[in-house]
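Data from data_35.txt: compact mmCIF, C-alpha atoms
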```
# COMPACT_ATOMS: atom_id res chain seq x y z
CA MET A 202 -2.87 -12.40 -63.06
CA ALA A 203 -3.31 -16.15 -63.43
CA ALA A 204 -6.67 -17.64 -64.27
CA GLY A 205 -8.80 -18.14 -61.21
CA GLU A 206 -6.94 -15.56 -59.09
CA PRO A 207 -9.75 -12.95 -59.24
CA ASP A 208 -12.19 -15.55 -57.90
CA ALA A 209 -9.75 -16.46 -55.14
CA VAL A 210 -9.47 -12.81 -54.07
CA VAL A 211 -13.25 -12.43 -54.04
CA TRP A 212 -13.75 -15.52 -51.91
CA ARG A 213 -10.93 -14.49 -49.58
CA ASN A 214 -12.59 -11.12 -49.01
CA ARG A 215 -15.94 -12.79 -48.40
CA ALA A 216 -14.36 -15.16 -45.90
CA LEU A 217 -12.75 -12.27 -44.02
CA MET A 218 -16.06 -10.39 -43.96
CA LEU A 219 -17.80 -13.46 -42.53
CA PHE A 220 -14.95 -13.93 -40.04
CA ASP A 221 -15.42 -10.37 -38.76
CA ARG A 222 -19.22 -10.49 -38.59
CA VAL A 223 -19.83 -13.91 -37.07
CA SER A 224 -20.97 -13.68 -33.45
CA VAL A 225 -18.93 -16.70 -32.35
CA PRO A 226 -15.50 -15.77 -30.87
CA VAL A 227 -12.95 -17.03 -33.42
CA ALA A 228 -9.19 -16.66 -33.87
CA VAL A 229 -6.54 -18.02 -36.19
CA CYS A 230 -3.37 -19.08 -34.35
CA ASP A 231 -0.07 -20.56 -35.43
CA VAL A 232 0.76 -24.10 -34.39
CA TYR A 233 2.27 -22.77 -31.15
CA GLY A 234 -0.96 -21.03 -30.11
CA GLN A 235 0.09 -17.47 -30.95
CA VAL A 236 -2.81 -15.37 -32.26
CA VAL A 237 -2.42 -14.31 -35.90
CA LEU A 238 -5.95 -13.00 -36.48
CA ALA A 239 -8.95 -12.55 -34.18
CA ASN A 240 -12.50 -11.45 -34.88
CA PRO A 241 -14.32 -8.74 -32.88
CA ALA A 242 -16.31 -11.32 -30.89
CA MET A 243 -13.09 -12.94 -29.64
CA ALA A 244 -11.56 -9.55 -28.84
CA ALA A 245 -14.70 -8.57 -26.91
CA GLU A 246 -14.20 -11.54 -24.57
CA CYS A 247 -10.78 -10.07 -23.74
CA GLY A 248 -11.99 -6.47 -23.49
CA THR A 249 -9.78 -5.19 -26.30
CA ALA A 250 -9.60 -4.62 -30.07
CA PRO A 251 -8.87 -7.47 -32.52
CA GLY A 252 -5.52 -6.04 -33.57
CA ARG A 253 -4.28 -5.99 -29.97
CA LEU A 254 -4.64 -9.76 -29.70
CA ARG A 255 -2.12 -10.39 -32.46
CA GLY A 256 0.98 -12.07 -31.06
CA ARG A 257 -0.69 -13.04 -27.77
CA GLN A 258 -0.74 -16.64 -26.58
CA VAL A 259 -4.30 -17.93 -26.71
CA LEU A 260 -3.76 -20.11 -23.62
CA GLU A 261 -2.64 -17.07 -21.66
CA LEU A 262 -5.83 -15.24 -22.61
CA PHE A 263 -7.94 -18.30 -21.75
CA ARG A 264 -6.48 -20.38 -18.93
CA PRO A 265 -6.66 -24.17 -19.36
CA GLN A 266 -8.39 -25.95 -16.50
CA GLU A 267 -6.49 -29.19 -17.12
CA ALA A 268 -2.80 -29.15 -18.05
CA THR A 269 -3.00 -32.72 -19.39
CA GLN A 270 -5.40 -31.60 -22.14
CA VAL A 271 -2.83 -29.12 -23.45
CA GLU A 272 -0.01 -31.68 -23.29
CA ARG A 273 -2.01 -34.20 -25.32
CA ILE A 274 -2.84 -31.60 -27.97
CA ALA A 275 0.79 -30.43 -28.22
CA GLU A 276 1.94 -34.01 -28.74
CA ALA A 277 -0.75 -34.65 -31.37
CA LEU A 278 0.21 -31.52 -33.31
CA ARG A 279 3.89 -32.47 -33.14
CA LEU A 280 2.96 -35.79 -34.78
CA ARG A 281 0.90 -33.87 -37.40
CA HIS A 282 -2.37 -35.45 -36.36
CA ARG A 283 -5.30 -33.51 -37.78
CA SER A 284 -8.12 -33.91 -35.32
CA ARG A 285 -10.40 -31.47 -33.56
CA TYR A 286 -8.99 -30.57 -30.16
CA GLN A 287 -10.94 -29.22 -27.20
CA VAL A 288 -9.65 -27.50 -24.07
CA SER A 289 -11.69 -26.48 -21.03
CA VAL A 290 -10.74 -22.91 -20.13
CA CYS A 291 -11.62 -20.06 -17.80
CA TRP A 292 -10.98 -16.32 -18.08
CA ARG A 293 -11.96 -13.00 -16.58
CA ALA A 294 -14.53 -11.11 -18.64
CA PRO A 295 -14.23 -7.31 -19.14
CA GLY A 296 -16.85 -6.66 -16.45
CA GLY A 297 -14.85 -8.67 -13.92
CA ALA A 298 -16.95 -11.85 -13.93
CA GLU A 299 -15.11 -15.18 -14.06
CA ARG A 300 -16.25 -17.12 -17.13
CA HIS A 301 -15.66 -20.71 -18.16
CA GLY A 302 -16.04 -22.42 -21.49
CA GLN A 303 -14.39 -24.52 -24.15
CA LEU A 304 -11.81 -23.74 -26.82
CA THR A 305 -12.03 -25.85 -29.96
CA ALA A 306 -8.96 -25.93 -32.23
CA ASP A 307 -9.02 -27.31 -35.78
CA PRO A 308 -5.72 -27.64 -37.69
CA VAL A 309 -6.07 -26.07 -41.16
CA SER A 310 -3.66 -25.76 -44.10
CA ASP A 311 -3.67 -25.81 -47.89
CA SER A 312 -1.85 -29.14 -48.02
CA VAL A 313 -1.00 -32.03 -45.73
CA GLU A 314 2.71 -31.22 -45.96
CA GLU A 315 2.34 -27.64 -44.69
CA THR A 316 2.57 -26.81 -41.01
CA PRO A 317 -1.05 -26.16 -40.08
CA ALA A 318 -2.54 -23.08 -38.52
CA LEU A 319 -5.18 -23.48 -35.82
CA LEU A 320 -8.73 -22.25 -36.25
CA VAL A 321 -9.77 -21.62 -32.65
CA MET A 322 -13.37 -21.09 -31.56
CA LEU A 323 -14.57 -20.22 -28.07
CA ARG A 324 -17.78 -21.49 -26.55
CA VAL A 325 -18.93 -19.66 -23.41
CA LEU A 326 -20.59 -22.10 -21.00
CA GLY A 327 -21.25 -19.90 -17.99
CA GLU A 328 -19.90 -17.35 -15.56
CA ARG A 329 -19.59 -16.63 -11.88
CA PRO A 330 -20.74 -13.06 -11.15
CA VAL A 331 -18.47 -10.53 -9.48
CA PRO A 332 -18.98 -10.75 -5.71
CA ARG A 333 -20.66 -7.65 -4.35
CA PRO A 334 -18.54 -5.83 -1.79
CA GLU A 335 -19.76 -5.68 1.77
CA PRO A 336 -21.49 -2.37 2.51
CA VAL A 337 -19.33 0.13 4.38
CA ARG A 338 -20.57 0.48 7.93
CA THR A 339 -20.13 3.75 9.77
CA THR A 340 -21.92 5.40 12.66
CA GLU A 341 -23.93 8.57 12.22
CA VAL A 342 -21.35 10.52 14.22
CA GLU A 343 -18.51 9.21 12.04
CA ARG A 344 -20.33 10.28 8.88
CA ARG A 345 -21.02 13.75 10.28
CA VAL A 346 -17.37 14.13 11.32
CA LEU A 347 -16.25 13.13 7.82
CA ALA A 348 -18.69 15.53 6.16
CA LEU A 349 -17.45 18.43 8.28
CA LEU A 350 -13.85 17.49 7.60
CA ALA A 351 -14.53 17.32 3.84
CA GLY A 352 -16.08 20.78 4.07
CA GLY A 353 -12.88 22.21 5.53
CA ALA A 354 -13.84 22.26 9.20
CA THR A 355 -11.11 22.21 11.83
CA THR A 356 -11.21 19.82 14.76
CA ALA A 357 -12.41 22.65 17.01
CA ARG A 358 -15.25 23.63 14.66
CA ALA A 359 -16.35 20.01 14.18
CA ALA A 360 -16.39 19.60 17.96
CA ARG A 361 -18.60 22.69 18.40
CA GLU A 362 -21.08 21.65 15.71
CA LEU A 363 -21.36 18.08 16.97
CA GLY A 364 -21.38 18.87 20.68
CA LEU A 365 -18.19 16.88 21.24
CA THR A 366 -14.85 17.68 22.77
CA ARG A 367 -11.87 18.02 20.46
CA ASP A 368 -10.61 14.73 21.86
CA GLY A 369 -13.95 13.17 20.93
CA VAL A 370 -13.58 14.26 17.30
CA THR A 371 -9.97 13.05 17.24
CA TYR A 372 -11.11 9.70 18.62
CA HIS A 373 -13.53 9.18 15.72
CA LEU A 374 -10.96 10.28 13.13
CA ARG A 375 -8.31 7.98 14.58
CA ARG A 376 -10.76 5.08 14.61
CA LEU A 377 -11.71 5.65 10.95
CA SER A 378 -8.06 6.05 9.93
CA THR A 379 -7.20 2.71 11.51
CA ARG A 380 -10.19 0.96 9.93
CA TRP A 381 -9.46 2.29 6.43
CA ASN A 382 -5.68 2.38 6.75
CA ALA A 383 -5.61 6.10 5.93
CA ALA A 384 -2.33 7.93 6.53
CA ASN A 385 -3.82 11.41 7.00
CA ARG A 386 -7.06 13.38 6.92
CA THR A 387 -6.87 14.08 3.19
CA GLU A 388 -6.68 10.36 2.46
CA LEU A 389 -9.47 9.72 4.96
CA VAL A 390 -11.81 12.08 3.09
CA ALA A 391 -10.80 10.58 -0.26
CA ARG A 392 -11.62 7.09 1.00
CA ALA A 393 -14.96 8.29 2.37
CA TYR A 394 -15.94 9.44 -1.13
CA ALA A 395 -14.54 6.30 -2.80
CA LEU A 396 -16.48 4.04 -0.41
CA GLY A 397 -19.73 5.96 -0.84
CA VAL A 398 -19.85 7.22 2.73
CA LEU A 399 -19.97 10.79 1.41
CA ALA A 400 -22.23 11.52 -1.56
CA PRO A 401 -20.27 12.71 -4.64
CA GLY A 402 -21.24 15.91 -6.44
CA VAL A 403 -22.92 17.43 -3.39
CA TRP A 404 -21.91 20.63 -1.58
CA PRO A 405 -21.76 21.06 1.32
CA PRO A 406 -20.64 17.44 1.80
CA ASP A 407 -23.53 15.11 2.59
CA PRO A 408 -23.02 12.20 5.03
CA GLY A 409 -25.36 9.80 3.27
CA GLY A 410 -25.35 6.46 1.50
CA ALA A 411 -23.54 4.21 3.98
CA THR A 412 -24.93 1.55 6.27
CA THR A 413 -25.36 2.57 9.89
CA GLU A 414 -23.32 0.66 12.41
CA GLU A 415 -24.89 0.19 15.79
CA GLU A 416 -22.45 0.76 18.62
CA PRO A 417 -24.04 1.29 22.02
CA GLY A 418 -22.67 4.32 23.73
CA GLU A 419 -20.58 5.33 20.72
CA GLU A 420 -22.33 8.60 20.02
CA GLY A 421 -21.88 9.71 23.59
CA ARG A 422 -18.13 9.15 23.54
CA GLY A 423 -16.24 12.40 23.79
CA LYS A 424 -19.31 14.57 24.43
CA GLY A 425 -18.96 17.53 26.67
CA THR A 426 -18.88 21.27 26.80
CA GLY A 427 -15.58 21.75 28.56
CA PRO A 428 -12.27 22.24 26.79
CA SER A 429 -10.16 19.25 25.86
CA PRO A 430 -7.46 18.45 28.42
CA HIS A 431 -5.02 18.41 25.48
CA GLY A 432 -5.92 21.85 24.22
```
In structure tokens, write the structure found in this file.
Amino acid sequence: MAAGEPDAVVWRNRALMLFDRVSVPVAVCDVYGQVVLANPAMAAECGTAPGRLRGRQVLELFRPQEATQVERIAEALRLRHRSRYQVSVCWRAPGGAERHGQLTADPVSDSVEETPALLVMLRVLGERPVPRPEPVRTTEVERRVLALLAGGATTARAARELGLTRDGVTYHLRRLSTRWNAANRTELVARAYALGVLAPGVWPPDPGGATTEEEPGEEGRGKGTGPSPHG
């Protein structure tokens, strides 16, 4: 081993340790922007592990907000200019929020003649939170119909327990199926759980958790004690 090589190995290992532990998102890319090495902080911004970023294009992970910035940087690198380059970017964080920030790229190499690598650092400037979905609105009768259906009740049994005709129950089911684009009753129940209309982990099914929708006269639709004209 040549003189000075042990020191070089020691300092290389120290640099890699610092690279991994620094809280600033950092990556080393080739001159074309392909990730060669990324630290955990950079990987966390992409919701993955550092090794999975290798080979990815940094400007696909972080979308440039101005194409002209990228064109100017590409031209400068082609001419072997060694300046600090900055690109305004946006990206979707692991939690779904839309973030924006700035990528800073510094060309680095052991000599001026070598094709440089790019030391890329990300600065997070802010984020737009994930929009909260509108609460699912259902009537009390609709929730009770869904709960009975989830519990295995037939149309006839649901009609008896709710004081409706069979046509009345069918009306509510058809209305919900149209609203949620459900192809059948199984899908209708699944959507009711997914949307929080029916409480998960509760038996018998509980029609709770959704916002009540006021519809005058709705609860009275289909009420009656006589048999349905359609059987």
Hey, can I get the axis-aligned box for segment 355-369 of chain A? All listed atoms, 5 Å padding on each side, centre and edge lengths in Å to one decimal, as lines of an AutoDock Vina configuration file.
```
center_x = -16.0
center_y = 18.4
center_z = 17.3
size_x = 20.8
size_y = 20.5
size_z = 20.9
```
What lies within 12 Å of segment 266-282 of chain A using only C-alpha atoms, ignoring chain neighbours under 2 positions off, as a PyMOL selection string?
-> chain A and resi 231-234+259-261+263-264+284-292+300-310+312-319
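The residue set within 10 Å of Gly248 of chain A, counting all atoms listed in the file and dropping same-chain residues fewer than 6 places from it, reads A:Pro241, A:Ala242, A:Arg293, A:Ala294, A:Pro295, A:Gly296.
As for atom CA of Ala245 of chain A and atom CA of Val211 of chain A, they are spaced 27.4 Å apart.
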